[in-house]
Every structure is written in structure tokens, then in C-alpha cells.
Amino acid sequence: MSLARTLRLAVVPGVRFETLPLDPQAFFVLSRIEGRPTVAEILGMSALSAAQTEAILERLLELGALQRVEEPMPSRPRVRQSTQELRAQAQDRRRRMLTQQLGQARSSQPTPPQGTTAPSPRPAQPTPVPSVPSSSGAPAPGSPDPGSPDPDDPRLEPVLALVGEADPRLDPSLGLAVDKQRLLLALEDGRDELTPFQILGIHPTHDLKEIRSAFREASRRFHPDAHHGRELGRFREPLSRLFAEAKTAYQTLQSEEARAPLVDALEQEHQRRRRVRQQREAARQAAEELRRRREQEQLEQRRAARDAQRVQRERDRLATAAQGKVAEYLQAAADAENMDNFARAANNYRLALQVSPHDEEIRRRWEEARSIARRRRAKDAFARACTYVEVGHHNEAVPLFLEAAEADPTLEHLAHAADSVRQQDPAKARDLAIEALRKLTENERGPAPLRPGVVADLRLMIARAFLAAGQGESARQQVLLVQRVRPKDPEARALLKTLKVT
Amino acid sequence: MEYVVGIDLGTTNTCVAIVEDGVPTVIPNKGGYKTTPSMVAISESSKRLVGHIAKRQSVTNAQNTVYAAKRLIGRRWDSPAAHAVQQSCPYTVVEGPHGDVRIKLRDTVYAIPEISAFILQEMKLVAEQYLGAPVERAVITVPAYFNDNQRQATKDAGRIAGLDVIRIINEPTAAALAYGFGKDLERKVAVYDLGGGTFDISILDIGRGVFEVISTAGDTFLGGEDFDVRVMDALIQGFAEKTGVDVADDRMALQRIKDAAEKARCELSVAREALVDLPFLYTSPNGQTYHMQESISRDTLEELTRDLVERTIAICDKTLRDANIDKGDLDDVILVGGMTRMPLVQQRVAEFFGLEPCKGVHPDEVVALGASIQAAALVDESVDVLLLDVTPHSLGIMIVGGYFHTLIDQNTTVPTSASHIFTTVRDNQTSVKILVLQGESDKAADNELLGEFILSGLRKAPKGEVEIEVTFSISADGLVSVAAKDLETGREQSITVTATSGLTEDELQELVESSQHYMVEVRASEEFERQRQQAERLIADVRELFPQVQAVMSGTAFGRDAIAKAEGVVERAEAEIRNQDARSLEEVVESLERTLNMFRGVVSKTGLS
Ligand SMILES: Nc1ncnc2c1ncn2[C@@H]1O[C@H](COP(=O)(O)OP(=O)(O)OP(=O)(O)O)[C@@H](O)[C@H]1O
Ligand SMILES: [Mg+2]
């Protein structure tokens, strides 16, 4: 006889176990029964063999410690929540909390950003860390005003220069930002010479808090866990090593003796830069001074140039005025030329030339007008002289012939002048004759030689002049030449006779 | 999204957690409890029981109920710990084939990682049920002072349970992680973790999301279990004095006393006096029954266990001194583990550190929460937390004379590496055997052997002339690799030292497979259970309507036929429930539903007419 597995049992209320004849196993089974478990459930809990447990249950029923529960189990679902429900509740709770927090954050908007109050105004994370102009330590003497950053502070520079953007070792396909790769390569390249501070990415300092914080940043950069699950390529091994090095650096820098030389070196570099800057500043000032002086000079030069210009302009103005005068003379000259009065024109040209002595055009016109005027005068005088000769007033004709020869020393004029003046001034006559003879020779060789008859007349005149001047031989030559042309010329014959006499 | 859970595999209790929506949350088990007893039992019918059900039946099945398996994990058969457990536990501990420890339950021998795997598998199920999705990866915590063999064994347990253990982390570190997570702290803290089986003390520097372990120490064999033993011994002795009965050989009585001792200890954390009431504790061969009724005061408890508490304080003191940490530099002390509820512990910790311990963390849940945070930090970019942990034991090799040469000191932050140059000790020596060890003793034999390998092909040369550079590396996930290099020839050899969990790869593989089978069975039996419950409900409903239907329908031949059919369906359903066949039961459930609908139709019609 066995108990139905679906039978439910319950402990009889008010029963005093201690009075019952139980063994430990029976008591244990009894103690396990809470509520109204089924026989199957009790068997599952007891860990005794099924037969043993059943025997115990039957005995307990017999002893009146247990009772059968007849009424059916309320078939409604268990009160206990399923884990799924628990999870949904948790999610709901979280969501409510989140929206509440968001609400709070929104309502407290104007207040400064809460949370991360970084101890230093370090920018987010461009590596390497451009270090903070440290406020530690008193400002060194001679440093510029304490409020603004000290330009000589070496801490303003990056701790380590990254490798170039075109470095062939960079691999953008890795799960590591290229800037980070550039830093890692720089660290790797400089491996043996890097100071602990450089490994941590900060400038030397005694500030332990800053060092600790730098170590944390370095850990985030290097520790393999910070890159878990990403493709790291060639950087995997160096990252672990760099992390270990950062850790060692961090430990090393705990000691004042380790820090001191590096911090001192930085300070010395700072001083050196300040000195260099001050020297450079002085040099710059000197150069500035020089420049100013030069500028001053240039200014003065410009001023002088301006003055010169003014003078020039005055001159120009005067010149323009003179030009007016010249124009007047030229106008007058032109008018005179129009009236065929070349003497007056020449006179006006001369006046204009006096004002503007370098004007070659005026000079040319002057000379032209003058020569025309002379030729005119010579022609006039000659004509009048000829008139006097015709009427027999030879003496009156002499000065006129001389004038014509002088104003226009043509062959004809010279010859007539020489002939006419031979009684009064034989020397002059001779000079004129020589001149006339020269011109005659010229003419004979020139393109338009005079007719032989005319030439013969001229030769006779020249011969008379020579004769009068006592140059018999020259005279005879001329006569002989005449005779070649006109052998029976009486004049010539007469002259030859005279010559024989002398 | 894929879920990676954090599991605190405790000596006494196991807890699983997950970071959901950025919030670490403990996952309750099927019973709604946030922790599950780390107990495994094999029932009379060879059924595997884990957690609360295992605990509930432990009194009558003490021999086949394993508790505190963590005390044995990764231990060698000849270790003192294995010896101690063997002395005190009700289950049978046997030597394994590789000098490891195994447990025999109902004629089957289990490796310790296998037992732990049963618990982990249960936690995996709990998480999967809660999340409604498969869980395949986990971060599991171990006591900080665990050596690599113990860690490896724990990892193997995860593997057997079907979990890819992406990281093993230290319990106190995990606790600190949960303590500091989501807060912008800049603090130096001590984590005092006294659980059921182990004690750990860790000092951490927390700041800007970086959790840096400065120093850690502990005792992997000091916890609540030892306190229980003290109380048990006192109770047994008192019982013997009063009744003249020695219960030392009565497994069931011992188990009841142990449970009662623990319960009394917990009560004494709030009360000054506790009553141990164990009726029918013992029946003598002549049928005489004995009850235990003993009252125990807090003072007595403290007297019995003061030295244990003092041992933890001594370890704290040594750690602080070794790491050169001034107690005054500490900002907070975090108490972790159920044992820290004991007033004496709290009082001594407060006295020692000169700080009132932090009350902000839940001692039972904080470790699992921390594990889940580390899991999230590794797989989720948005969780910006970095853990810098240390290696708790020194790592080195054996050198001539059987001495231990340390290469990486304990409390070195990982990842790390170190090199040392060794020379040959014999003329024409062509190979060197390198034994990799872990521990603090100068004598190699006293330290834990992690592995060995042979560097061969050395040049023949007079002794001392060949120089070998040995480089040890510990990666962030705790893997130890050793590379040896002949400096003259440049010849290199390296291995990854896989600490021994006591299982070979073949054995492991086999266990992984059988555990997969088990999972399939569990799923099937769960399915059957659902069907069974539904069938039983339907049967009850049909039975309820039976008299009314009979009254209406027995008048006609058709009616009688229908009633007979209904009876047949109910009988068949009951038979299938006994047969435990889920498939056929499913079919009958459909018939049952039809029958019930028909019955309801009949009843409602008659009610109307
Ligand atoms: N209120 C309490 N008073 C005293 N002790 C308690 C209390 N609650 C729990 N304990 C003890 O704490 C221990 C269990 O603690 P916990 O669950 O933290 O350990 P565990 O994590 O399983 O073990 P471990 O961390 O050592 O592997 C048990 O020994 C239990 O008796
Ligand atoms: Mg614990």
C-alpha cells in the first residue's frame, strides 16, 4: 500500500512532537513539512529513499502528527512572482529613477556642471597631455605678471612630440586612435631616453597629486583592459610594457630624490629660457632702436626731397613763365617772317634764345632767319653798290660791296668787294681776293660750276685786287686764266701790260 | 545585446549580477533569493540538486551533499587544506588521478571544478531565466589570495558550466569596484572580506574611475566555516557532558548541529543569547532518544572565536606594514562577506583601522555587483572603469639547491614582466628544466608549482658559461608566460604556463560535453514540469465538474459514452505524468482541455435552462 503522490499532507496544529516516539529521521521529515506539500514534493525534499520516506510519512499519519488535506488546492496561480516579472519591475524602477534624475538635472541647469570636478583645468584628453602651467612654487623673479602664463615656462610645450602623421607604422584600421598610435610610437622610439615624467605624460613636478593623476591617465592610455576586445596589431605588446613602465615611473617618482634632478632641470631650463628671452628681448630692442633711427633718417630724406621738389616746381613755374616770354618772341619772329622781315625775326629768335638758351629748335630758326636776313642785306647792299657803280660813284659803292661780302660772303660779293676796296685798302682787298679765289676753286669743283664767262669776270676782279695789293704773280695767274677763256679781252691785256711794267 | 554576467562563487553563497542600463543589479534566483547556497547534492534517485534544495535536504543526505567545495578547488591531495576538509566534512573526499582532490557522491567521483560547475550552471540558468536570453560569458571572482592553480580550476569550472570566463577577478577588488562605481571618488580604502571560507584584505587607491590595488593579502582557509566548527565543537562537548552521548560519528546529528551552530551565530549578531533546539538529535541503539537544548551567549561565541578574528587583524597589520601604508592615510574601510555582520568583527576592524566601517555596501551582493561591473567595463565601451590589480603571490623559478628565486614580487601590478639571467650548473649541460612556482617561501618545495618546461639545445660548454635569460610575464588577465633565451645562440623558447586545475584537457572536454547533455535534460524536464502542472490543474478542474456533468448526461447513451471518454482521458494523463514523458503528456493536455471545455459547456447550459 503506497500513498498517492498527489496527496497533500499538513502538520496537525498543536501537536507536541517531543512527546511522540520519533527517531531523528522521522523528526527531520516532519520538520520539513511546511504548508500543504504533496507527497511527491516531500519525497523530493527528504533526500531519504522513497520507501523510507513513505514509511515515515505513514507512521506520522498514524501517530496523528500529520493529516491528509482533502480540499483541492486553490487552482489559482502561485502568488510568487516569476523572475521575468521581477526583472520587469527592476527595469521599471531604473527607468523611473533615470527620468527623475534627468528631471533634477534639468531643473538645476543653471548651476555649474556637477560631478567631475577635475582638480586641474586640463583639457579633455588630447595626448600627450599639454601640461598645466603649474601653480606650485613661487613665481620666479623677473617673470612676467603672475596672472598671465609665463612664456618661458617649458611646461607650455608638449611633453613629447608625437611621430609624424605620415609615419608608415601608423595603421588607421586598428581599434586605436591614430593620435594614440602616434604617441605610442613616440614613446617607443624614445624608449631608452625617456624620463619617468615623460612616460607619465607630464612635466616634472613635485606635486604628488598631479603625479598620481597622471599615472591614472597613463593607465587608461596603456593598460590592455582599456582596449579590451579591440584589434591592436603591433601595439599590443608595447601597451603592456608601457603600462608596466608607467607603473615603475609612478613608483620611482614617489621619491623626492628621483624627482628633484628632473624638476631642477626643468627649472633651469625655465631660467635659461628666461635669460635667452631677456637677451633676445634686449637684442630686439636694439634692433628696434636702429630701425627707428633709420626711419627717422628716411623721414628726413623724404622731407628734403619734398623741399627739392618744391624748388623744382618753382623753377618749373618760372620756366613756364619764361616759356610764355619765348612764345611771345617766337610769335613776333613768326610775324616778322610773315612780313618777310628776317632781320627782325632773327632778332626775336635771339631774344627767345636768351630766355631759353638750350632750345636747339629756336637756335636753328635763329640761325636760319639770321642767315636769310644777312643774305637779304647783302643782296640789298650789292644791288645799291651796283647802282652806285653804274652812276660812277665808286667811292660810295665800296662800303656797300664790303657790307655785302661781309653779310653774305658769296664768291660774287667777295670778288666785287675785293675789286672795289683795292684803292682804299689793298690789304683788305687781297684778303677778300684770297677768300674769293678759294670759293671759286670750290665752285669749280662743286656740282654747279659757274659759266666760264662769269668766272672770267670774277678772275679779272680778283686779279685787280691782287695787283693793287702788290701780289703781281697771283694777279698774272688770274689774268692768264682769263685769257684762256677770252684771249682777246682788252681788260686782261691792259692788265698784263701793267704787270710787265711793274 | 550579449549579456556578460558577474558571478561571486562563494564558499557558502553564490550570487550573480548584471549591469543593465548602466546599473549593476543582482539577479534573484527562482525562489526570489538574491544569493544561492553553494551546495550541490545528489539525491537518492541520482538527481542533481543545487542551491536551496540541496541545502534543505542536507541533513538527511549529508554524505551526498557538498558544501564549501571552494575550500578544495585547485588544491592538491597532499595539501593541508585537503587534509583538514577530509577530517571535518561529511562527504567522501578521495584522491584524484593527478594528485588532485575529488569527491565521491553515490558511487560517482566528481572533480572539484565539476562540483563548482554545477553551481555556476545553476547561476547561468538563473540569469538566463531572468534575462530571457542565453548567457555565455562571465566574470567570476575568487579570493584575492587564491593562487594560479585555484584560479585556473575556477576558470575550468566556468568552462564546464558552458561559460566563457572572460576574466577572473579578486573578490575584494570587485567589492571596491561596486563601492566606487558611478561615484567620483578620490580615496584610499581597505576592503576587509570575511566570508564563509576565506579571508582577504586589500588596499586600493581609487580615483577618476581607476581602481588601483596597492596591496593584498589573505588566508584562503579562514572563514565562517571555521567559526561554525568552534561552535559545533562546543555544542558537541556540552551535549556529551550532559548526556554522555558522543555524536561525532552520527552524520545526521553533526549536520544538524552544524546548521544550528551557524544559525545561532547569525542570531547572536543581533541578539545576546541564542537557543540551540534540536529535538530527536540522537537515538541510541537501545532506542533512547536525546534532544539538544542549549543556550549560547554572544560572549561565549566571542570567546570561542576571538583568535580567528585576531588572525584576520594580524594579516591586516602585516599587509599594511609590508606595503608601507599608514592607517591614517585610509579614507574608508569596506566590510564584505556575511561574517562581517558579527559584532566582534566589526568592533575589531573599527579599532584596528581607527575608522567606522562603511555601511553603504551590501556584504552579500557587493562582490557579484563588482564582477558584473568589470564584465561591463571589458565589453561595454560606455562603462569607463579601469581595474589595476596585483599578483598576490610572488612568481619565480627553482634554482640549484631547491631554492626559490623570485622574479616577480607579490603585489606587483599586472601586466608586468621581469627577466633574470641564469647559468648552467654542470659541464656540457644541454638542457635546463625550468620549474615555475608561486609563493613566498625560499624553499621551492614549499611553494605552489604552476608548471614546468625544458629549454633544450644548449651549447655544450663548461658550467657557468652558458647564459640563459628567463623572462616572466603576467598579462592583464593573469596568464603567466615564460620565455627563456640562450644569450649566446639567441635560441628562444616560450610557454604559457597553464596552472593545473587537476583536470586534463581530455577530462575537461568530456565534462563540458556531459554538462551540455545535462542542460538539454534540464530543459526537457522543465518542459515536462510545466506540462505536468498544467495537466494536474486541468485534471482537478475536470474532476470538480464531474458530478454535475454526470447528473445531466448519464441519461443518454451518447452522454454515457462521453463520460467514459472523459474518464479515459484523465486516466491517460495520470499515466503519462507517471511515465514522465513530456511529448505524450503534451498531447493528452490538449485532450484534457477539450474535455474541460465540453464539461463547461454542459454545465453552463444546464445552469441556463
Ligand atoms: N548575520 C550574520 N552573522 C554572522 N555571520 C553571518 C551572518 N550572516 C552570514 N554569516 C556568515 O557568513 C558566511 C557566509 O558569508 P558569505 O556569503 O559572504 O561567504 P561566501 O562569499 O560564500 O564565502 P567566501 O567569500 O569566503 O568564498 C557564513 O559563514 C555565514 O554563517
Ligand atoms: Mg565572498
# chains A, B, ... in the order shown; residues from 1 in each chain; ligands from 1

$ residues_near_ligand --ligand "ligand 2" --cutoff "9 Å" --atoms "only C-alpha atoms and all ligand atoms" --output "list in words"
Asp8, Leu9, Gly10, Thr11, Thr12, Asn13, Thr14, Thr141, Val142, Pro143, Glu171, Pro172, Asp193, Leu194, Gly195, Gly196, Gly197, Thr198, Phe199, Val336, Gly337, Gly338, Pro363, Asp364, Glu365, Val367 and Ala368 of chain B

$ select_by_dssp --residues "region 318-412 of chain B" --states "alpha helix (DSSP H)" --output "mmCIF file with N, CA and C atoms, in the first residue's frame"
data_model
loop_
_atom_site.group_PDB
_atom_site.id
_atom_site.type_symbol
_atom_site.label_atom_id
_atom_site.label_comp_id
_atom_site.auth_asym_id
_atom_site.auth_seq_id
_atom_site.Cartn_x
_atom_site.Cartn_y
_atom_site.Cartn_z
ATOM 1 N N LYS B 318 50.033 43.115 9.062
ATOM 2 C CA LYS B 318 51.226 42.758 8.296
ATOM 3 C C LYS B 318 51.170 43.385 6.903
ATOM 4 N N THR B 319 50.000 43.315 6.301
ATOM 5 C CA THR B 319 49.848 43.872 4.956
ATOM 6 C C THR B 319 50.148 45.363 4.931
ATOM 7 N N LEU B 320 49.571 46.048 5.893
ATOM 8 C CA LEU B 320 49.785 47.490 5.912
ATOM 9 C C LEU B 320 51.255 47.797 6.109
ATOM 10 N N ARG B 321 51.882 47.041 6.982
ATOM 11 C CA ARG B 321 53.298 47.308 7.246
ATOM 12 C C ARG B 321 54.151 46.965 6.024
ATOM 13 N N ASP B 322 53.871 45.799 5.414
ATOM 14 C CA ASP B 322 54.645 45.400 4.228
ATOM 15 C C ASP B 322 54.515 46.418 3.109
ATOM 16 N N PRO B 343 29.333 41.182 15.362
ATOM 17 C CA PRO B 343 29.732 42.405 16.056
ATOM 18 C C PRO B 343 31.209 42.440 16.445
ATOM 19 N N LEU B 344 31.738 41.287 16.849
ATOM 20 C CA LEU B 344 33.148 41.268 17.251
ATOM 21 C C LEU B 344 34.049 41.669 16.075
ATOM 22 N N VAL B 345 33.710 41.173 14.902
ATOM 23 C CA VAL B 345 34.497 41.501 13.714
ATOM 24 C C VAL B 345 34.438 43.010 13.463
ATOM 25 N N GLN B 346 33.234 43.531 13.482
ATOM 26 C CA GLN B 346 33.067 44.972 13.226
ATOM 27 C C GLN B 346 33.848 45.805 14.233
ATOM 28 N N GLN B 347 33.746 45.364 15.475
ATOM 29 C CA GLN B 347 34.395 46.120 16.545
ATOM 30 C C GLN B 347 35.919 46.095 16.372
ATOM 31 N N ARG B 348 36.462 44.909 16.113
ATOM 32 C CA ARG B 348 37.919 44.790 15.988
ATOM 33 C C ARG B 348 38.437 45.537 14.747
ATOM 34 N N VAL B 349 37.691 45.484 13.678
ATOM 35 C CA VAL B 349 38.094 46.192 12.461
ATOM 36 C C VAL B 349 38.104 47.697 12.717
ATOM 37 N N ALA B 350 37.035 48.163 13.356
ATOM 38 C CA ALA B 350 36.952 49.595 13.653
ATOM 39 C C ALA B 350 38.111 50.023 14.548
ATOM 40 N N GLU B 351 38.402 49.192 15.554
ATOM 41 C CA GLU B 351 39.503 49.518 16.468
ATOM 42 C C GLU B 351 40.829 49.558 15.727
ATOM 43 N N PHE B 352 41.033 48.532 14.928
ATOM 44 C CA PHE B 352 42.332 48.430 14.257
ATOM 45 C C PHE B 352 42.561 49.579 13.289
ATOM 46 N N PHE B 353 41.581 49.855 12.464
ATOM 47 C CA PHE B 353 41.781 50.890 11.442
ATOM 48 C C PHE B 353 41.522 52.308 11.965
ATOM 49 N N VAL B 366 27.820 42.730 -2.884
ATOM 50 C CA VAL B 366 28.744 43.698 -3.461
ATOM 51 C C VAL B 366 29.787 43.052 -4.382
ATOM 52 N N VAL B 367 30.191 41.828 -4.057
ATOM 53 C CA VAL B 367 31.225 41.181 -4.880
ATOM 54 C C VAL B 367 30.683 40.840 -6.275
ATOM 55 N N ALA B 368 29.506 40.271 -6.312
ATOM 56 C CA ALA B 368 28.910 39.931 -7.609
ATOM 57 C C ALA B 368 28.653 41.204 -8.419
ATOM 58 N N LEU B 369 28.216 42.234 -7.734
ATOM 59 C CA LEU B 369 27.975 43.503 -8.435
ATOM 60 C C LEU B 369 29.268 44.001 -9.066
ATOM 61 N N GLY B 370 30.340 43.915 -8.289
ATOM 62 C CA GLY B 370 31.643 44.345 -8.800
ATOM 63 C C GLY B 370 32.061 43.518 -10.012
ATOM 64 N N ALA B 371 31.816 42.219 -9.932
ATOM 65 C CA ALA B 371 32.176 41.348 -11.061
ATOM 66 C C ALA B 371 31.404 41.764 -12.306
ATOM 67 N N SER B 372 30.143 42.103 -12.118
ATOM 68 C CA SER B 372 29.341 42.500 -13.282
ATOM 69 C C SER B 372 29.841 43.831 -13.836
ATOM 70 N N ILE B 373 30.337 44.685 -12.957
ATOM 71 C CA ILE B 373 30.878 45.974 -13.427
ATOM 72 C C ILE B 373 32.139 45.744 -14.244
ATOM 73 N N GLN B 374 32.990 44.847 -13.752
ATOM 74 C CA GLN B 374 34.210 44.560 -14.518
ATOM 75 C C GLN B 374 33.848 43.940 -15.864
ATOM 76 N N ALA B 375 32.848 43.080 -15.865
ATOM 77 C CA ALA B 375 32.398 42.479 -17.129
ATOM 78 C C ALA B 375 31.980 43.584 -18.090
ATOM 79 N N ALA B 376 31.197 44.518 -17.577
ATOM 80 C CA ALA B 376 30.719 45.612 -18.423
ATOM 81 C C ALA B 376 31.881 46.483 -18.880
ATOM 82 N N ALA B 377 32.832 46.722 -17.968
ATOM 83 C CA ALA B 377 33.974 47.577 -18.321
ATOM 84 C C ALA B 377 34.773 46.959 -19.469
ATOM 85 N N LEU B 378 34.814 45.627 -19.500
ATOM 86 C CA LEU B 378 35.592 44.973 -20.549
ATOM 87 C C LEU B 378 34.855 44.942 -21.884
ATOM 88 N N VAL B 379 33.558 44.720 -21.830
ATOM 89 C CA VAL B 379 32.861 44.533 -23.110
ATOM 90 C C VAL B 379 32.064 45.746 -23.555
#

$ interface_residues --of "chain B" --to "chain A" --cutoff "7 Å" --atoms "only C-alpha atoms" --output "MDAnalysis selection string"
chainID B and resid 30 43:44 53 56:57 60:61 129:130 184 210 279:283 378 386 415:416 476 537

$ residues_around --residues "Arg344 (chain A)" --least-positions-apart "2" --cutoff "12 Å" --atoms "only C-alpha atoms" --output "number ranges by chain"
A: 329-342, 346-351, 366, 369-374

$ atom_distance --atom1 "CA of Glu122 (chain B)" --atom2 "CA of Gly51 (chain B)"
8.1 Å

$ decode --residues "region 172-285 of chain A" --atoms "C-alpha atoms" --output "mmCIF file, in the first residue's frame"
data_model
loop_
_atom_site.group_PDB
_atom_site.id
_atom_site.type_symbol
_atom_site.label_atom_id
_atom_site.label_comp_id
_atom_site.auth_asym_id
_atom_site.auth_seq_id
_atom_site.Cartn_x
_atom_site.Cartn_y
_atom_site.Cartn_z
ATOM 1 C CA PRO A 172 44.167 53.600 -39.022
ATOM 2 C CA SER A 173 42.400 50.252 -39.312
ATOM 3 C CA LEU A 174 43.317 49.339 -35.730
ATOM 4 C CA GLY A 175 40.990 49.900 -32.817
ATOM 5 C CA LEU A 176 43.297 52.571 -31.524
ATOM 6 C CA ALA A 177 43.011 56.265 -32.380
ATOM 7 C CA VAL A 178 45.764 57.419 -34.692
ATOM 8 C CA ASP A 179 46.794 60.131 -32.258
ATOM 9 C CA LYS A 180 47.253 57.468 -29.639
ATOM 10 C CA GLN A 181 49.330 55.433 -32.045
ATOM 11 C CA ARG A 182 51.463 58.474 -32.716
ATOM 12 C CA LEU A 183 52.078 58.864 -29.026
ATOM 13 C CA LEU A 184 52.840 55.183 -28.539
ATOM 14 C CA LEU A 185 55.340 55.231 -31.381
ATOM 15 C CA ALA A 186 56.952 58.353 -29.999
ATOM 16 C CA LEU A 187 57.267 56.616 -26.644
ATOM 17 C CA GLU A 188 58.663 53.544 -28.299
ATOM 18 C CA ASP A 189 61.145 55.493 -30.372
ATOM 19 C CA GLY A 190 62.392 57.415 -27.402
ATOM 20 C CA ARG A 191 62.296 54.336 -25.256
ATOM 21 C CA ASP A 192 65.718 54.446 -23.707
ATOM 22 C CA GLU A 193 65.906 58.159 -23.085
ATOM 23 C CA LEU A 194 62.527 58.917 -21.636
ATOM 24 C CA THR A 195 62.270 60.240 -18.128
ATOM 25 C CA PRO A 196 59.639 58.851 -15.788
ATOM 26 C CA PHE A 197 57.750 62.095 -16.178
ATOM 27 C CA GLN A 198 57.684 61.747 -19.937
ATOM 28 C CA ILE A 199 56.298 58.252 -19.651
ATOM 29 C CA LEU A 200 53.530 59.582 -17.444
ATOM 30 C CA GLY A 201 52.946 62.405 -19.887
ATOM 31 C CA ILE A 202 53.589 65.312 -17.555
ATOM 32 C CA HIS A 203 56.281 67.865 -16.955
ATOM 33 C CA PRO A 204 58.469 67.425 -13.907
ATOM 34 C CA THR A 205 56.777 68.437 -10.700
ATOM 35 C CA HIS A 206 56.908 67.709 -7.003
ATOM 36 C CA ASP A 207 53.127 67.656 -6.807
ATOM 37 C CA LEU A 208 52.346 64.050 -5.833
ATOM 38 C CA LYS A 209 48.683 64.519 -6.551
ATOM 39 C CA GLU A 210 49.435 65.535 -10.097
ATOM 40 C CA ILE A 211 51.759 62.566 -10.470
ATOM 41 C CA ARG A 212 49.098 60.185 -9.206
ATOM 42 C CA SER A 213 46.541 61.637 -11.512
ATOM 43 C CA ALA A 214 48.980 61.372 -14.418
ATOM 44 C CA PHE A 215 49.555 57.732 -13.589
ATOM 45 C CA ARG A 216 45.829 57.140 -13.754
ATOM 46 C CA GLU A 217 45.635 58.832 -17.118
ATOM 47 C CA ALA A 218 48.600 56.812 -18.322
ATOM 48 C CA SER A 219 46.926 53.625 -17.106
ATOM 49 C CA ARG A 220 43.890 54.482 -19.155
ATOM 50 C CA ARG A 221 46.145 55.014 -22.139
ATOM 51 C CA PHE A 222 48.255 51.918 -21.789
ATOM 52 C CA HIS A 223 46.502 49.216 -19.786
ATOM 53 C CA PRO A 224 45.374 46.420 -22.104
ATOM 54 C CA ASP A 225 41.980 46.305 -20.413
ATOM 55 C CA ALA A 226 41.284 49.819 -21.613
ATOM 56 C CA HIS A 227 41.466 48.367 -25.125
ATOM 57 C CA HIS A 228 39.821 45.037 -24.400
ATOM 58 C CA GLY A 229 38.484 43.260 -27.449
ATOM 59 C CA ARG A 230 39.981 45.698 -29.920
ATOM 60 C CA GLU A 231 42.377 44.998 -32.729
ATOM 61 C CA LEU A 232 45.705 46.343 -31.524
ATOM 62 C CA GLY A 233 48.126 44.913 -34.072
ATOM 63 C CA ARG A 234 51.712 45.764 -33.353
ATOM 64 C CA PHE A 235 50.725 47.867 -30.373
ATOM 65 C CA ARG A 236 49.530 45.031 -28.172
ATOM 66 C CA GLU A 237 52.903 44.151 -26.743
ATOM 67 C CA PRO A 238 54.154 47.745 -26.298
ATOM 68 C CA LEU A 239 50.964 48.680 -24.455
ATOM 69 C CA SER A 240 51.557 46.109 -21.732
ATOM 70 C CA ARG A 241 55.167 47.117 -21.496
ATOM 71 C CA LEU A 242 54.353 50.814 -21.384
ATOM 72 C CA PHE A 243 51.840 50.190 -18.666
ATOM 73 C CA ALA A 244 54.481 48.405 -16.608
ATOM 74 C CA GLU A 245 56.873 51.260 -17.309
ATOM 75 C CA ALA A 246 54.285 53.826 -16.266
ATOM 76 C CA LYS A 247 53.792 51.916 -13.044
ATOM 77 C CA THR A 248 57.529 51.846 -12.416
ATOM 78 C CA ALA A 249 57.753 55.530 -13.277
ATOM 79 C CA TYR A 250 54.951 56.268 -10.838
ATOM 80 C CA GLN A 251 56.722 54.354 -8.107
ATOM 81 C CA THR A 252 60.057 55.949 -8.871
ATOM 82 C CA LEU A 253 58.576 59.417 -8.708
ATOM 83 C CA GLN A 254 57.307 58.831 -5.208
ATOM 84 C CA SER A 255 60.830 59.522 -4.052
ATOM 85 C CA GLU A 256 61.921 63.096 -3.729
ATOM 86 C CA GLU A 257 65.490 62.204 -4.789
ATOM 87 C CA ALA A 258 64.215 60.812 -8.073
ATOM 88 C CA ARG A 259 62.092 63.843 -8.795
ATOM 89 C CA ALA A 260 64.488 66.537 -7.726
ATOM 90 C CA PRO A 261 67.000 66.416 -10.594
ATOM 91 C CA LEU A 262 64.221 66.397 -13.173
ATOM 92 C CA VAL A 263 62.312 69.196 -11.540
ATOM 93 C CA ASP A 264 65.559 71.155 -11.144
ATOM 94 C CA ALA A 265 66.441 70.577 -14.768
ATOM 95 C CA LEU A 266 63.066 71.909 -15.729
ATOM 96 C CA GLU A 267 63.544 74.939 -13.526
ATOM 97 C CA GLN A 268 66.992 75.521 -15.006
ATOM 98 C CA GLU A 269 65.597 75.230 -18.454
ATOM 99 C CA HIS A 270 62.975 77.694 -17.397
ATOM 100 C CA GLN A 271 65.666 80.103 -16.186
ATOM 101 C CA ARG A 272 67.744 79.551 -19.259
ATOM 102 C CA ARG A 273 64.832 80.352 -21.468
ATOM 103 C CA ARG A 274 64.084 83.392 -19.462
ATOM 104 C CA ARG A 275 67.699 84.525 -19.881
ATOM 105 C CA VAL A 276 67.644 83.777 -23.566
ATOM 106 C CA ARG A 277 64.378 85.559 -23.902
ATOM 107 C CA GLN A 278 65.694 88.535 -21.988
ATOM 108 C CA GLN A 279 68.788 88.636 -24.192
ATOM 109 C CA ARG A 280 66.685 88.251 -27.223
ATOM 110 C CA GLU A 281 64.447 90.962 -25.897
ATOM 111 C CA ALA A 282 67.430 93.285 -25.485
ATOM 112 C CA ALA A 283 68.638 92.479 -28.974
ATOM 113 C CA ARG A 284 65.195 93.079 -30.264
ATOM 114 C CA GLN A 285 65.071 96.435 -28.534
#
